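Q: After the structure tokens below, expect a handful of questions from me.
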Amino acid sequence: MTEETAPRTLDPRRAHRARAIGDAEAPLTRGTDRYMEAAAHALAVAGVEELRLARGAVAGARVLLLVGGGHNGGDALLAGARLAAHGCRVTALVATERPHAHALERARAARVGTVAVSPQDASARAVAALAAGTDLVVDGLTGIGADGPLRPVAASLVAPLVDAGERGERPFRVLAVDLPSGTGVDDGTLSGPVLAADRTVTFTCPRAAHLLPPAAQLCGRLDVVDLGLPAPEDEPLVERPADAGLGARLRAPGDADHKYTRGVVGLLAGSESYPGAAVLATTAAVRAGAGMTRILAPRRVVDLVLASRPEAVPAAGRCQCLVLGPGNAPADDPGAPEAGRTEELRTALAGALDDAAPAVIDAGALPLLPGLLDDGRRCAAVHVLTPHAGEAASLLTALGQERSRAEVEAAPADSATRLAALTGATVVLKGTPTLIAPGGSGADAGAARGPVDDGAPLLSLDAGPGWLATAGSGDVLAGALGALLAAARADEENGRERLDTAQVAALAVRLHAEAGRLASERTSTAPGGGPVAALDVAEALPAAWRRLHDRARDGIA
């Protein structure tokens with residue numbers, strides 16, 4: 001078999017542009033229903049599993065199909081026919097004047113009740129279905145070719161189902177065909193009402209909506225089914241790196257190592273108002289494996305750090321990564337205790353931008369960046385910005401791209417890529433999931449890079465349990481990221497491996513997430529874990545390090 005004829009290995013962690021997926025499939029799917037039948041079989045299998053979860057049995061279950069035009073509606077109808085053969089009572093609400101003819105015929109032959117709905121009666125039909133005790137809703141209203149909000153009939157069908165309650169609280173489960181209808185397939189945005197799925201079944205490869213927030217949060221469990229169709233040959237829009245690949249970057253020190261080959265982190269962290277941030281960031285850097293951690297802070301902060309981390313060095317010196325800003329809030333009042341610290345931080349940040357070494361630009365250092373960029377400085381890919389949505393909105397606004405926090409949360413992929421383009425830095429936009437936009441694009445301040453550009457793909461990462469939404473969690477992430485970047489820089493200096501900033505940042509996000517999960521499991525045996533404090537997360541980093549390292553050794557994704 002030649003390289004040209006060898007089958008392409010499908011990767012369920014790489015999301016491609018919808019048009020590219022359609023173009024790759026078209027030569028094989030044109031003029032045949034073979035692949036639709038295979039897709040319907042996969043949907044029916046998932047439907048059976050969901051019904052068993054919901055009610056313990058399949059026979060007698062009530063299934064509601066939401067049917068639009070095109071292949072997704074056809075998939076739903078054919079899956080409904082299969083569920084009817086399992087003894088389900090299936091009703092299809094058809095929200096299009098042109099349903100897939102073959103699929104509709106098959107559904108009717110299987111005694112699926114089909115009802116054509118209009119804008120006037122769509123909502124009433126959905127309410128009636130709920131009143132009849134629907135157990136499973138199959139959402140086949142729109143597919144990957146749709147754009148923008150749902151049309152009036154589809155929106156009217158979805159509205160009462162959305163109003164029935166949150167996922168896990170409503171009386172039915174939802175199975176989405178390809179993606180929840182109404183989500184932005186290539187950017188993950190929501191432009192109208194969307195029925196959150198308990199499970200989404202897609203084919204060949206993920207779509208960006210499966211990996212990008214806010215749409216990703218509505219997909220539930222994601223099944224990527226191989227139908228034997230080719231994946232696009234172009235670069236993906238979004239990737240979700242596997243833990244095994246990230247964990248392979250973790251290197252246990254050998255006999256010849258010393259603190260400089262393991263990586264030295266310098267932390268400008270903590271202030272009179274927020275001294276604990278320095279303790280958390282320093283602890284995280286130490287526990288994430290730094291060879292040495294330097295702390296540069298006011299005397300009171302240094303004393304607090306040394307009380308808990310006596311190995312920290314309170315002196316400037318050689319560093320392979322600087323962490324700037326945890327616990328430093330720039331003061332508006334020139335007479336405030338933080339005013340002098342802000343100027344010190346600005347000077348350190350300017351020096352970091354002029355240096356080739358990695359730097360983490362966090363919290364109080366972020367608002368200082370636009371002024372330095374206005375002075376002609378430029379970030380490089382080794383400089384990592386770590387904003388949450390509010391900080392990203394402030395940064396974009398200061399850089400001439402006005403945004404509110406709500407606007408960043410509505411389109412985080414666009415916000416992350418714009419920040420990377422405007423600054424040149426690698427951007428870690430914290431959220432659920434967390435997004436990483438690789439830096440070093442070389443674009444100027446007028447750039448408007450977006451998630452569908454042809455540059456390096458966005459990285460989407462599970463950011464851990466909700467318990468990590470606690471004060472100081474970001475300081476722990478900043479310290480861990482500093483330690484990993486310092487180690488990677490040391491490896492590069494010693495000819496071991498080239499520094500890939502985005503991948504190291506992804507490793508830090510996953511290390512932090514696993515530490516949060518381990519810490520929450522220690523506080524409660526409940527399935528979702530229990531409350532954690534940021535220091536708990538920092539102390540769990542060595543166990544998380546070992547878990548990711550072992551996954552790499554064992555090849556566990």
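Quick note on naming: the chains in the structure tokens go A, B, ... in the order shown, residues restart at 1 in each chain, and ligands are numbered from 1 in order of appearance.
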Show me, as a ChimeraX atom specification, the residues that have an atom within 12 Å of Gly466 in chain A when counting only C-alpha atoms, minus same-chain residues fewer than 4 positions from it.
A: /A:431-433,462,470,473,513,516-517,520,528-532
Q: Which residues are close to Asp234 in chain A, i.e. within 10 Å by only C-alpha atoms, leaving aside same-chain residues fewer than 6 positions away? Reply as a PDB file with all heavy atoms, in the first residue's frame.
A:
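Dumped to part_6.pdb:
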ATOM      1  N   HIS A  16     -12.338  20.262  12.717  1.00  0.00           N
ATOM      2  CA  HIS A  16     -12.106  20.915  11.440  1.00  0.00           C
ATOM      3  C   HIS A  16     -13.273  21.829  11.056  1.00  0.00           C
ATOM      4  O   HIS A  16     -14.380  21.743  11.594  1.00  0.00           O
ATOM      5  CB  HIS A  16     -11.904  19.870  10.343  1.00  0.00           C
ATOM      6  CG  HIS A  16     -10.629  19.105  10.474  1.00  0.00           C
ATOM      7  ND1 HIS A  16      -9.465  19.481   9.838  1.00  0.00           N
ATOM      8  CD2 HIS A  16     -10.318  17.993  11.185  1.00  0.00           C
ATOM      9  CE1 HIS A  16      -8.501  18.635  10.146  1.00  0.00           C
ATOM     10  NE2 HIS A  16      -8.991  17.717  10.957  1.00  0.00           N
ATOM     11  N   ARG A  17     -13.011  22.680  10.101  1.00  0.00           N
ATOM     12  CA  ARG A  17     -14.010  23.580   9.534  1.00  0.00           C
ATOM     13  C   ARG A  17     -15.138  22.759   8.904  1.00  0.00           C
ATOM     14  O   ARG A  17     -14.918  21.748   8.234  1.00  0.00           O
ATOM     15  CB  ARG A  17     -13.326  24.433   8.474  1.00  0.00           C
ATOM     16  CG  ARG A  17     -14.063  25.654   8.015  1.00  0.00           C
ATOM     17  CD  ARG A  17     -13.315  26.292   6.843  1.00  0.00           C
ATOM     18  NE  ARG A  17     -11.871  26.343   7.084  1.00  0.00           N
ATOM     19  CZ  ARG A  17     -11.251  27.353   7.653  1.00  0.00           C
ATOM     20  NH1 ARG A  17     -11.937  28.390   8.046  1.00  0.00           N
ATOM     21  NH2 ARG A  17      -9.945  27.332   7.819  1.00  0.00           N
ATOM     22  N   ALA A  20     -14.874  22.158   5.190  1.00  0.00           N
ATOM     23  CA  ALA A  20     -13.825  21.206   4.844  1.00  0.00           C
ATOM     24  C   ALA A  20     -14.298  19.771   5.068  1.00  0.00           C
ATOM     25  O   ALA A  20     -13.980  18.865   4.285  1.00  0.00           O
ATOM     26  CB  ALA A  20     -12.568  21.481   5.663  1.00  0.00           C
ATOM     27  N   ILE A  21     -15.060  19.564   6.132  1.00  0.00           N
ATOM     28  CA  ILE A  21     -15.598  18.223   6.404  1.00  0.00           C
ATOM     29  C   ILE A  21     -16.557  17.815   5.286  1.00  0.00           C
ATOM     30  O   ILE A  21     -16.485  16.704   4.746  1.00  0.00           O
ATOM     31  CB  ILE A  21     -16.317  18.195   7.765  1.00  0.00           C
ATOM     32  CG1 ILE A  21     -15.315  18.446   8.892  1.00  0.00           C
ATOM     33  CG2 ILE A  21     -17.028  16.864   7.977  1.00  0.00           C
ATOM     34  CD1 ILE A  21     -15.966  18.672  10.244  1.00  0.00           C
ATOM     35  N   ASP A 454      -6.011  30.472   9.222  1.00  0.00           N
ATOM     36  CA  ASP A 454      -5.203  29.323   8.831  1.00  0.00           C
ATOM     37  C   ASP A 454      -3.939  29.169   9.659  1.00  0.00           C
ATOM     38  O   ASP A 454      -3.036  28.430   9.292  1.00  0.00           O
ATOM     39  CB  ASP A 454      -4.836  29.429   7.346  1.00  0.00           C
ATOM     40  CG  ASP A 454      -6.057  29.349   6.456  1.00  0.00           C
ATOM     41  OD1 ASP A 454      -6.981  28.610   6.832  1.00  0.00           O
ATOM     42  OD2 ASP A 454      -6.074  30.017   5.411  1.00  0.00           O
TER      43      ASP A 454
END
Q: Rounded to one decimal in Å, what is the spacing between CA of Ser156 in chain A and CA of Pro119 in chain A?
A: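 According to the coordinates, CA of Ser156 in chain A and CA of Pro119 in chain A are separated by 6.8 Å.
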Q: Could you pull out the residues in range 122-239 of chain A that DSSP calls helix (DSSP H, G or I) from the backbone, as number ranges by chain?
A: A: 122-131, 152-163, 208-211, 215-218
Q: Report as an MDAnalysis selection string all protein, DNA and RNA residues lying within 10 Å of range 246-249 of chain A, evaluated on only C-alpha atoms, omitting residues in the same chain fewer than 6 positions from it.
A: chainID A and resid 484 487:488 497 503:508 510:511 545:553 555:557
Q: So which residues touch range 32-47 of chain A within 6 Å, counting only C-alpha atoms, skipping near sequence neighbours fewer than 4 positions away, as a PyMOL selection string?
A: chain A and resi 75+78-79
Q: Show me a table, sorted first by chain and then by increasing residue number, of the residues of range 252-350 of chain A having an atom at most 12 Å from range 385-404 of chain A, each with its shortest atom pair and the distance in Å to one decimal, counting only C-alpha atoms and written as JSON lines.
A:
{"residue": "A:Val323", "atom": "CA", "partner": "A:Leu385", "partner_atom": "CA", "distance": 10.3}
{"residue": "A:Leu324", "atom": "CA", "partner": "A:Leu385", "partner_atom": "CA", "distance": 10.0}
{"residue": "A:Gly325", "atom": "CA", "partner": "A:Thr386", "partner_atom": "CA", "distance": 10.2}
{"residue": "A:Pro326", "atom": "CA", "partner": "A:Thr386", "partner_atom": "CA", "distance": 10.4}
{"residue": "A:Ala329", "atom": "CA", "partner": "A:Glu391", "partner_atom": "CA", "distance": 11.9}
{"residue": "A:Leu349", "atom": "CA", "partner": "A:Leu385", "partner_atom": "CA", "distance": 11.9}
Q: Could you please take those selected residues and save N, CA, C and O atoms as a PDB file, in the first residue's frame?
A:
ATOM      1  N   VAL A 323       7.437  35.009  36.573  1.00  0.00           N
ATOM      2  CA  VAL A 323       5.982  35.058  36.765  1.00  0.00           C
ATOM      3  C   VAL A 323       5.671  36.424  37.355  1.00  0.00           C
ATOM      4  O   VAL A 323       6.128  36.748  38.460  1.00  0.00           O
ATOM      5  N   LEU A 324       4.903  37.209  36.618  1.00  0.00           N
ATOM      6  CA  LEU A 324       4.679  38.609  36.975  1.00  0.00           C
ATOM      7  C   LEU A 324       3.201  38.865  37.234  1.00  0.00           C
ATOM      8  O   LEU A 324       2.368  38.594  36.372  1.00  0.00           O
ATOM      9  N   GLY A 325       2.871  39.366  38.430  1.00  0.00           N
ATOM     10  CA  GLY A 325       1.536  39.888  38.633  1.00  0.00           C
ATOM     11  C   GLY A 325       0.616  39.227  39.621  1.00  0.00           C
ATOM     12  O   GLY A 325      -0.360  39.868  40.040  1.00  0.00           O
ATOM     13  N   PRO A 326       0.782  37.960  40.034  1.00  0.00           N
ATOM     14  CA  PRO A 326      -0.160  37.398  41.011  1.00  0.00           C
ATOM     15  C   PRO A 326      -0.187  38.223  42.289  1.00  0.00           C
ATOM     16  O   PRO A 326       0.860  38.518  42.878  1.00  0.00           O
ATOM     17  N   ALA A 329      -2.406  44.278  42.277  1.00  0.00           N
ATOM     18  CA  ALA A 329      -3.459  45.050  41.630  1.00  0.00           C
ATOM     19  C   ALA A 329      -2.964  46.474  41.466  1.00  0.00           C
ATOM     20  O   ALA A 329      -2.726  47.166  42.461  1.00  0.00           O
ATOM     21  N   LEU A 349       8.228  43.995  33.881  1.00  0.00           N
ATOM     22  CA  LEU A 349       7.517  43.539  32.687  1.00  0.00           C
ATOM     23  C   LEU A 349       8.208  44.045  31.427  1.00  0.00           C
ATOM     24  O   LEU A 349       8.369  43.291  30.453  1.00  0.00           O
TER      25      LEU A 349
END
